[in-house]
>>> print(open('protein.pdb').read())   # PDB, C-alpha atoms and all ligand atoms
ATOM      1  CA  MET A  22      -3.775  10.066  -3.149  1.00  0.00           C
ATOM      2  CA  LYS A  23      -6.000   9.485  -0.121  1.00  0.00           C
ATOM      3  CA  ARG A  24      -4.183   9.958   3.175  1.00  0.00           C
ATOM      4  CA  VAL A  25      -4.669   7.205   5.759  1.00  0.00           C
ATOM      5  CA  ALA A  26      -3.841   7.306   9.482  1.00  0.00           C
ATOM      6  CA  LEU A  27      -3.935   4.169  11.588  1.00  0.00           C
ATOM      7  CA  LEU A  28      -4.415   3.652  15.338  1.00  0.00           C
ATOM      8  CA  ILE A  29      -3.108   0.565  17.140  1.00  0.00           C
ATOM      9  CA  SER A  30      -2.672  -0.732  20.674  1.00  0.00           C
ATOM     10  CA  GLY A  31      -0.536  -3.832  20.227  1.00  0.00           C
ATOM     11  CA  GLY A  32       1.480  -5.872  17.755  1.00  0.00           C
ATOM     12  CA  GLY A  33      -0.127  -4.171  14.811  1.00  0.00           C
ATOM     13  CA  SER A  34      -0.298  -7.092  12.382  1.00  0.00           C
ATOM     14  CA  ASN A  35      -3.391  -5.622  10.720  1.00  0.00           C
ATOM     15  CA  MET A  36      -1.711  -2.206  10.479  1.00  0.00           C
ATOM     16  CA  VAL A  37       1.338  -3.809   8.821  1.00  0.00           C
ATOM     17  CA  ARG A  38      -0.887  -5.564   6.286  1.00  0.00           C
ATOM     18  CA  LEU A  39      -2.708  -2.307   5.508  1.00  0.00           C
ATOM     19  CA  VAL A  40       0.480  -0.262   5.163  1.00  0.00           C
ATOM     20  CA  GLU A  41       2.178  -2.901   3.004  1.00  0.00           C
ATOM     21  CA  ASP A  42      -0.873  -3.257   0.781  1.00  0.00           C
ATOM     22  CA  MET A  43      -1.213   0.518   0.331  1.00  0.00           C
ATOM     23  CA  GLN A  44       2.496   0.836  -0.436  1.00  0.00           C
ATOM     24  CA  ALA A  45       2.414  -2.055  -2.910  1.00  0.00           C
ATOM     25  CA  GLY A  46      -0.890  -1.074  -4.534  1.00  0.00           C
ATOM     26  CA  GLY A  47      -0.371   2.690  -4.473  1.00  0.00           C
ATOM     27  CA  TYR A  48      -4.029   3.300  -3.661  1.00  0.00           C
ATOM     28  CA  GLY A  49      -3.511   5.090  -0.337  1.00  0.00           C
ATOM     29  CA  LEU A  50      -0.788   6.962   1.526  1.00  0.00           C
ATOM     30  CA  PRO A  51      -0.120   5.829   5.108  1.00  0.00           C
ATOM     31  CA  VAL A  52       0.659   9.138   6.814  1.00  0.00           C
ATOM     32  CA  LEU A  53       0.733   8.308  10.532  1.00  0.00           C
ATOM     33  CA  VAL A  54       0.447   5.433  13.003  1.00  0.00           C
ATOM     34  CA  GLY A  55      -0.635   6.306  16.542  1.00  0.00           C
ATOM     35  CA  SER A  56      -0.987   4.303  19.714  1.00  0.00           C
ATOM     36  CA  ASN A  57      -2.294   4.674  23.247  1.00  0.00           C
ATOM     37  CA  ASP A  58       0.613   2.451  24.356  1.00  0.00           C
ATOM     38  CA  PRO A  59       4.175   3.749  23.885  1.00  0.00           C
ATOM     39  CA  GLN A  60       5.376   0.111  24.115  1.00  0.00           C
ATOM     40  CA  ALA A  61       3.070  -1.180  21.360  1.00  0.00           C
ATOM     41  CA  GLY A  62       5.165  -3.479  19.172  1.00  0.00           C
ATOM     42  CA  GLY A  63       3.489  -2.148  16.051  1.00  0.00           C
ATOM     43  CA  LEU A  64       5.116   1.282  16.438  1.00  0.00           C
ATOM     44  CA  ILE A  65       8.578  -0.066  15.556  1.00  0.00           C
ATOM     45  CA  LYS A  66       7.108  -2.026  12.643  1.00  0.00           C
ATOM     46  CA  ALA A  67       5.465   1.144  11.329  1.00  0.00           C
ATOM     47  CA  ARG A  68       8.699   3.110  11.541  1.00  0.00           C
ATOM     48  CA  ASP A  69      10.507   0.255   9.743  1.00  0.00           C
ATOM     49  CA  LEU A  70       7.936   0.673   6.974  1.00  0.00           C
ATOM     50  CA  GLY A  71       8.748   4.376   6.820  1.00  0.00           C
ATOM     51  CA  VAL A  72       5.555   5.615   8.467  1.00  0.00           C
ATOM     52  CA  PRO A  73       5.803   8.325  11.169  1.00  0.00           C
ATOM     53  CA  THR A  74       4.460   7.309  14.576  1.00  0.00           C
ATOM     54  CA  TYR A  75       3.339   8.862  17.839  1.00  0.00           C
ATOM     55  CA  SER A  76       1.971   7.595  21.104  1.00  0.00           C
ATOM     56  CA  VAL A  77       0.035   8.997  24.035  1.00  0.00           C
ATOM     57  CA  ASP A  78       0.015   6.771  27.106  1.00  0.00           C
ATOM     58  CA  HIS A  79      -3.593   6.630  28.267  1.00  0.00           C
ATOM     59  CA  LYS A  80      -2.765   5.491  31.797  1.00  0.00           C
ATOM     60  CA  PRO A  81      -1.873   8.841  33.429  1.00  0.00           C
ATOM     61  CA  PHE A  82      -5.245  10.201  32.267  1.00  0.00           C
ATOM     62  CA  GLY A  83      -7.188   7.706  34.403  1.00  0.00           C
ATOM     63  CA  LYS A  84     -10.888   8.106  33.717  1.00  0.00           C
ATOM     64  CA  ASP A  85     -10.455  11.439  31.914  1.00  0.00           C
ATOM     65  CA  ARG A  86     -11.135  10.102  28.446  1.00  0.00           C
ATOM     66  CA  ALA A  87     -11.680  13.580  26.984  1.00  0.00           C
ATOM     67  CA  ALA A  88      -8.249  14.826  28.115  1.00  0.00           C
ATOM     68  CA  PHE A  89      -6.563  11.698  26.732  1.00  0.00           C
ATOM     69  CA  GLU A  90      -8.364  12.009  23.425  1.00  0.00           C
ATOM     70  CA  ALA A  91      -7.427  15.689  23.101  1.00  0.00           C
ATOM     71  CA  GLU A  92      -3.775  14.583  23.119  1.00  0.00           C
ATOM     72  CA  MET A  93      -4.426  11.712  20.702  1.00  0.00           C
ATOM     73  CA  LEU A  94      -6.304  14.037  18.399  1.00  0.00           C
ATOM     74  CA  ARG A  95      -3.709  16.782  17.954  1.00  0.00           C
ATOM     75  CA  PRO A  96      -1.095  14.842  15.880  1.00  0.00           C
ATOM     76  CA  LEU A  97      -3.872  12.935  14.153  1.00  0.00           C
ATOM     77  CA  LEU A  98      -5.584  16.087  12.884  1.00  0.00           C
ATOM     78  CA  ALA A  99      -2.219  17.634  11.986  1.00  0.00           C
ATOM     79  CA  ALA A 100      -1.563  14.654   9.670  1.00  0.00           C
ATOM     80  CA  GLU A 101      -4.750  15.584   7.765  1.00  0.00           C
ATOM     81  CA  PRO A 102      -5.943  12.037   7.094  1.00  0.00           C
ATOM     82  CA  ASP A 103      -8.813  11.430   4.706  1.00  0.00           C
ATOM     83  CA  VAL A 104      -9.505   8.114   6.427  1.00  0.00           C
ATOM     84  CA  VAL A 105      -8.615   6.722   9.860  1.00  0.00           C
ATOM     85  CA  CYS A 106      -8.250   2.959  10.319  1.00  0.00           C
ATOM     86  CA  LEU A 107      -8.540   1.466  13.788  1.00  0.00           C
ATOM     87  CA  ALA A 108      -6.393  -1.668  13.683  1.00  0.00           C
ATOM     88  CA  GLY A 109      -6.452  -3.377  17.049  1.00  0.00           C
ATOM     89  CA  TYR A 110      -6.992  -0.045  18.810  1.00  0.00           C
ATOM     90  CA  MET A 111      -8.401  -1.051  22.186  1.00  0.00           C
ATOM     91  CA  ARG A 112      -9.674   2.232  23.672  1.00  0.00           C
ATOM     92  CA  VAL A 113     -13.364   3.092  23.605  1.00  0.00           C
ATOM     93  CA  LEU A 114     -13.867   6.368  21.719  1.00  0.00           C
ATOM     94  CA  THR A 115     -16.069   9.251  22.828  1.00  0.00           C
ATOM     95  CA  PRO A 116     -18.743  10.523  20.414  1.00  0.00           C
ATOM     96  CA  ALA A 117     -16.780  13.798  20.128  1.00  0.00           C
ATOM     97  CA  PHE A 118     -13.702  11.932  18.866  1.00  0.00           C
ATOM     98  CA  VAL A 119     -15.724   9.852  16.424  1.00  0.00           C
ATOM     99  CA  ASP A 120     -17.429  13.007  15.162  1.00  0.00           C
ATOM    100  CA  HIS A 121     -14.141  14.352  13.791  1.00  0.00           C
ATOM    101  CA  PHE A 122     -13.980  11.429  11.375  1.00  0.00           C
ATOM    102  CA  LYS A 123     -17.642  10.785  10.697  1.00  0.00           C
ATOM    103  CA  GLY A 124     -18.092   8.399   7.764  1.00  0.00           C
ATOM    104  CA  ARG A 125     -14.341   8.058   7.296  1.00  0.00           C
ATOM    105  CA  MET A 126     -13.181   5.956  10.235  1.00  0.00           C
ATOM    106  CA  LEU A 127     -13.020   2.161   9.872  1.00  0.00           C
ATOM    107  CA  ASN A 128     -12.528  -0.582  12.451  1.00  0.00           C
ATOM    108  CA  ILE A 129     -11.830  -4.294  12.304  1.00  0.00           C
ATOM    109  CA  HIS A 130     -13.492  -6.477  14.889  1.00  0.00           C
ATOM    110  CA  PRO A 131     -12.858 -10.200  15.414  1.00  0.00           C
ATOM    111  CA  SER A 132     -16.453 -11.437  15.216  1.00  0.00           C
ATOM    112  CA  LEU A 133     -19.294 -11.634  12.761  1.00  0.00           C
ATOM    113  CA  LEU A 134     -21.002  -8.441  13.932  1.00  0.00           C
ATOM    114  CA  PRO A 135     -23.625  -7.811  15.205  1.00  0.00           C
ATOM    115  CA  LYS A 136     -22.592 -10.878  17.203  1.00  0.00           C
ATOM    116  CA  TYR A 137     -20.154 -10.330  20.066  1.00  0.00           C
ATOM    117  CA  PRO A 138     -19.255  -6.649  20.206  1.00  0.00           C
ATOM    118  CA  GLY A 139     -16.648  -5.928  22.890  1.00  0.00           C
ATOM    119  CA  LEU A 140     -14.035  -8.333  24.222  1.00  0.00           C
ATOM    120  CA  HIS A 141     -13.447 -12.130  24.304  1.00  0.00           C
ATOM    121  CA  THR A 142     -15.229 -12.660  21.010  1.00  0.00           C
ATOM    122  CA  HIS A 143     -13.728 -16.093  20.285  1.00  0.00           C
ATOM    123  CA  ALA A 144     -14.464 -17.537  23.721  1.00  0.00           C
ATOM    124  CA  ARG A 145     -18.026 -16.281  23.395  1.00  0.00           C
ATOM    125  CA  ALA A 146     -18.450 -17.874  19.945  1.00  0.00           C
ATOM    126  CA  LEU A 147     -17.168 -21.214  21.303  1.00  0.00           C
ATOM    127  CA  GLU A 148     -19.371 -20.986  24.380  1.00  0.00           C
ATOM    128  CA  ALA A 149     -22.403 -20.363  22.180  1.00  0.00           C
ATOM    129  CA  GLY A 150     -21.583 -23.461  20.113  1.00  0.00           C
ATOM    130  CA  ASP A 151     -21.358 -21.448  16.882  1.00  0.00           C
ATOM    131  CA  SER A 152     -20.366 -23.429  13.797  1.00  0.00           C
ATOM    132  CA  GLU A 153     -18.709 -20.430  12.161  1.00  0.00           C
ATOM    133  CA  ALA A 154     -16.779 -17.372  13.281  1.00  0.00           C
ATOM    134  CA  GLY A 155     -15.064 -14.528  11.506  1.00  0.00           C
ATOM    135  CA  CYS A 156     -14.285 -10.851  11.412  1.00  0.00           C
ATOM    136  CA  SER A 157     -15.967  -7.638  10.332  1.00  0.00           C
ATOM    137  CA  VAL A 158     -14.795  -4.291   9.016  1.00  0.00           C
ATOM    138  CA  HIS A 159     -17.266  -1.531   9.749  1.00  0.00           C
ATOM    139  CA  GLU A 160     -17.629   2.221   9.785  1.00  0.00           C
ATOM    140  CA  VAL A 161     -17.125   3.587  13.274  1.00  0.00           C
ATOM    141  CA  THR A 162     -20.023   5.324  14.990  1.00  0.00           C
ATOM    142  CA  ALA A 163     -20.428   6.479  18.580  1.00  0.00           C
ATOM    143  CA  ILE A 164     -21.748   3.019  19.532  1.00  0.00           C
ATOM    144  CA  LEU A 165     -19.042   0.428  20.280  1.00  0.00           C
ATOM    145  CA  ASP A 166     -18.467  -2.084  17.461  1.00  0.00           C
ATOM    146  CA  ASP A 167     -21.551  -0.839  15.658  1.00  0.00           C
ATOM    147  CA  GLY A 168     -21.951   1.087  12.403  1.00  0.00           C
ATOM    148  CA  PRO A 169     -22.455  -0.034   8.808  1.00  0.00           C
ATOM    149  CA  ILE A 170     -20.664  -3.276   7.975  1.00  0.00           C
ATOM    150  CA  LEU A 171     -18.366  -2.922   4.945  1.00  0.00           C
ATOM    151  CA  GLY A 172     -17.099  -6.483   4.841  1.00  0.00           C
ATOM    152  CA  GLN A 173     -16.960  -9.801   6.624  1.00  0.00           C
ATOM    153  CA  ALA A 174     -14.858 -12.949   6.341  1.00  0.00           C
ATOM    154  CA  ARG A 175     -16.011 -16.285   7.719  1.00  0.00           C
ATOM    155  CA  VAL A 176     -14.145 -19.319   8.996  1.00  0.00           C
ATOM    156  CA  PRO A 177     -15.458 -22.640  10.267  1.00  0.00           C
ATOM    157  CA  VAL A 178     -15.253 -23.486  13.954  1.00  0.00           C
ATOM    158  CA  LEU A 179     -13.556 -26.887  14.195  1.00  0.00           C
ATOM    159  CA  ALA A 180     -14.081 -29.577  16.827  1.00  0.00           C
ATOM    160  CA  GLY A 181     -11.673 -29.097  19.726  1.00  0.00           C
ATOM    161  CA  ASP A 182     -10.882 -25.465  18.871  1.00  0.00           C
ATOM    162  CA  SER A 183      -9.568 -23.329  21.717  1.00  0.00           C
ATOM    163  CA  ALA A 184     -10.172 -19.573  21.710  1.00  0.00           C
ATOM    164  CA  ASP A 185      -6.539 -19.153  20.626  1.00  0.00           C
ATOM    165  CA  ASP A 186      -6.963 -21.597  17.723  1.00  0.00           C
ATOM    166  CA  LEU A 187      -9.975 -19.672  16.552  1.00  0.00           C
ATOM    167  CA  ALA A 188      -8.286 -16.284  17.035  1.00  0.00           C
ATOM    168  CA  LEU A 189      -5.419 -17.369  14.787  1.00  0.00           C
ATOM    169  CA  ARG A 190      -7.741 -18.716  12.075  1.00  0.00           C
ATOM    170  CA  VAL A 191      -9.733 -15.480  12.164  1.00  0.00           C
ATOM    171  CA  LEU A 192      -6.624 -13.255  12.192  1.00  0.00           C
ATOM    172  CA  ILE A 193      -5.468 -14.807   8.906  1.00  0.00           C
ATOM    173  CA  GLN A 194      -8.776 -13.690   7.412  1.00  0.00           C
ATOM    174  CA  GLU A 195      -8.506 -10.236   9.008  1.00  0.00           C
ATOM    175  CA  HIS A 196      -5.302  -9.795   7.043  1.00  0.00           C
ATOM    176  CA  ARG A 197      -7.166 -10.563   3.789  1.00  0.00           C
ATOM    177  CA  LEU A 198     -10.322  -8.647   4.584  1.00  0.00           C
ATOM    178  CA  TYR A 199      -9.106  -5.299   5.910  1.00  0.00           C
ATOM    179  CA  PRO A 200      -6.855  -4.332   2.946  1.00  0.00           C
ATOM    180  CA  ALA A 201      -9.534  -5.467   0.490  1.00  0.00           C
ATOM    181  CA  VAL A 202     -12.179  -3.349   2.215  1.00  0.00           C
ATOM    182  CA  LEU A 203      -9.899  -0.314   2.564  1.00  0.00           C
ATOM    183  CA  ARG A 204      -9.007  -0.471  -1.110  1.00  0.00           C
ATOM    184  CA  ARG A 205     -12.697  -0.444  -2.050  1.00  0.00           C
ATOM    185  CA  PHE A 206     -13.535   2.236   0.505  1.00  0.00           C
ATOM    186  CA  LEU A 207     -10.835   4.587  -0.783  1.00  0.00           C
ATOM    187  CA  SER A 208     -12.084   4.110  -4.330  1.00  0.00           C
ATOM    188  CA  GLY A 209     -15.525   5.252  -3.195  1.00  0.00           C
ATOM    189  CA  GLU A 210     -17.200   1.851  -3.324  1.00  0.00           C
ATOM    190  CA  ARG A 211     -19.612   1.280  -0.449  1.00  0.00           C
ATOM    191  CA  GLY A 212     -21.002  -2.181  -1.266  1.00  0.00           C
ATOM    192  CA  ARG A 213     -20.382  -4.930   1.226  1.00  0.00           C
ATOM    193  CA  LEU A 214     -17.576  -7.455   0.693  1.00  0.00           C
ATOM    194  CA  ASP A 215     -18.036 -11.059   1.850  1.00  0.00           C
ATOM    195  CA  LEU A 216     -15.048 -13.394   1.900  1.00  0.00           C
ATOM    196  CA  LEU A 217     -15.077 -17.128   2.538  1.00  0.00           C
ATOM    197  CA  ALA A 218     -12.027 -18.879   3.989  1.00  0.00           C
TER     198      ALA A 218
HETATM  199  C1  LIG B 301      -7.187  -8.147  15.979  1.00  0.00           C
HETATM  200  O1  LIG B 301      -7.655  -9.466  16.090  1.00  0.00           O
HETATM  201  C2  LIG B 301      -8.358  -7.170  15.918  1.00  0.00           C
HETATM  202  O2  LIG B 301      -9.461  -7.672  15.222  1.00  0.00           O
HETATM  203  C3  LIG B 301      -8.673  -7.017  17.381  1.00  0.00           C
HETATM  204  O3  LIG B 301      -7.433  -6.943  18.007  1.00  0.00           O
HETATM  205  C4  LIG B 301      -6.468  -7.719  17.265  1.00  0.00           C
HETATM  206  C5  LIG B 301      -5.288  -6.833  16.994  1.00  0.00           C
HETATM  207  O4  LIG B 301      -4.252  -7.550  16.384  1.00  0.00           O
HETATM  208  N1  LIG B 301      -9.453  -5.825  17.593  1.00  0.00           N
HETATM  209  C6  LIG B 301     -10.394  -5.717  18.523  1.00  0.00           C
HETATM  210  O5  LIG B 301     -10.679  -6.608  19.297  1.00  0.00           O
HETATM  211  C7  LIG B 301     -11.082  -4.370  18.545  1.00  0.00           C
HETATM  212  N2  LIG B 301     -12.273  -4.419  19.323  1.00  0.00           N
HETATM  213  P1  LIG B 301      -3.099  -6.780  15.620  1.00  0.00           P
HETATM  214  O6  LIG B 301      -2.558  -5.709  16.581  1.00  0.00           O
HETATM  215  O7  LIG B 301      -2.075  -7.854  15.363  1.00  0.00           O
HETATM  216  O8  LIG B 301      -3.659  -6.182  14.381  1.00  0.00           O
END
>>> encode(input="protein.pdb", output="structure tokens")
Amino acid sequence: MKRVALLISGGGSNMVRLVEDMQAGGYGLPVLVGSNDPQAGGLIKARDLGVPTYSVDHKPFGKDRAAFEAEMLRPLLAAEPDVVCLAGYMRVLTPAFVDHFKGRMLNIHPSLLPKYPGLHTHARALEAGDSEAGCSVHEVTAILDDGPILGQARVPVLAGDSADDLALRVLIQEHRLYPAVLRRFLSGERGRLDLLA
């Protein structure tokens, strides 16, 4: 079975969905959950699901991204993942890190890429007056929030939406999209998946 490692920075709701779906569907083996934040709420959830965890606090490394990544990389490589899923992992990756997992690292981003790479995606969609928003799962390359899109899910923007309203509506779709894309990816399918709310 394909071995899957997951990286998180926060609550880890996408990670939980992925782990639960792999465990229920038996199509992938969650081998490790890692975080740049030892306090990330998702770490406890992962352990409760029986998945080993580790964390490397990025703060003491300051601007030394390479030194931080060397520490992140060691347990990750030791777990021998076939695929790495970024699930709310909020550190920018160096090309050297990405290179280790070329063509086998996925990310979920809360916008309809190529729109709004980076942060504050929902506020930016509202500011632009967009009538729809959504999320994307893509292969990770050295360029932030770039790389081939494997799937997208769309939601309408409703009158009076705040950024938080929109974030919640999109997150519900993230939880549908990411497991569906991972399942296809692990089975070798590379076609793009489009989900409507
Ligand atoms: C999700 O909305 C994810 O798309 C976003 O962070 C949230 C994490 O939530 N990721 C990014 O913005 C990456 N650039 P979660 O920890 O509950 O899965």
>>> axis_aligned_box(input="protein.pdb", around="segment 58-67 of chain A", padding_each_side="4 Å", output="lines of an AutoDock Vina configuration file")
center_x = 4.6
center_y = 0.1
center_z = 17.8
size_x = 16.0
size_y = 15.2
size_z = 21.0
>>> closest_atom_pairs(input="protein.pdb", of="chain A", to="ligand LIG 301 (chain B)", cutoff="6 Å", atoms="only C-alpha atoms and all ligand atoms", output="JSON lines")
{"residue": "A:Gly31", "atom": "CA", "partner": "B:LIG301", "partner_atom": "O6", "distance": 4.6}
{"residue": "A:Gly32", "atom": "CA", "partner": "B:LIG301", "partner_atom": "O6", "distance": 4.2}
{"residue": "A:Gly33", "atom": "CA", "partner": "B:LIG301", "partner_atom": "O6", "distance": 3.4}
{"residue": "A:Ser34", "atom": "CA", "partner": "B:LIG301", "partner_atom": "O7", "distance": 3.6}
{"residue": "A:Asn35", "atom": "CA", "partner": "B:LIG301", "partner_atom": "O8", "distance": 3.7}
{"residue": "A:Met36", "atom": "CA", "partner": "B:LIG301", "partner_atom": "O8", "distance": 5.9}
{"residue": "A:Ala108", "atom": "CA", "partner": "B:LIG301", "partner_atom": "O8", "distance": 5.3}
{"residue": "A:Gly109", "atom": "CA", "partner": "B:LIG301", "partner_atom": "C5", "distance": 3.6}
{"residue": "A:Tyr110", "atom": "CA", "partner": "B:LIG301", "partner_atom": "C7", "distance": 6.0}
{"residue": "A:Met111", "atom": "CA", "partner": "B:LIG301", "partner_atom": "C7", "distance": 5.6}
{"residue": "A:Ile129", "atom": "CA", "partner": "B:LIG301", "partner_atom": "O2", "distance": 5.1}
{"residue": "A:His130", "atom": "CA", "partner": "B:LIG301", "partner_atom": "O2", "distance": 4.2}
{"residue": "A:Pro131", "atom": "CA", "partner": "B:LIG301", "partner_atom": "O2", "distance": 4.2}
{"residue": "A:Gly139", "atom": "CA", "partner": "B:LIG301", "partner_atom": "N2", "distance": 5.8}
{"residue": "A:Leu192", "atom": "CA", "partner": "B:LIG301", "partner_atom": "O1", "distance": 5.5}
>>> closest_residue(input="protein.pdb", among="A:Val25, A:Lys84, A:Thr162, A:Val119", to="Glu101 of chain A", atoms="all atoms listed in the file")
A:Val25
>>> atom_distance(input="protein.pdb", atom1="atom CA of Leu214 of chain A", atom2="atom CA of Gly124 of chain A")
17.4 Å
>>> resolve_selection(input="protein.pdb", expression="the PyMOL selection byres (((chain A and resi 173) around 7) and not hetatm)", output="count of residues only")
10
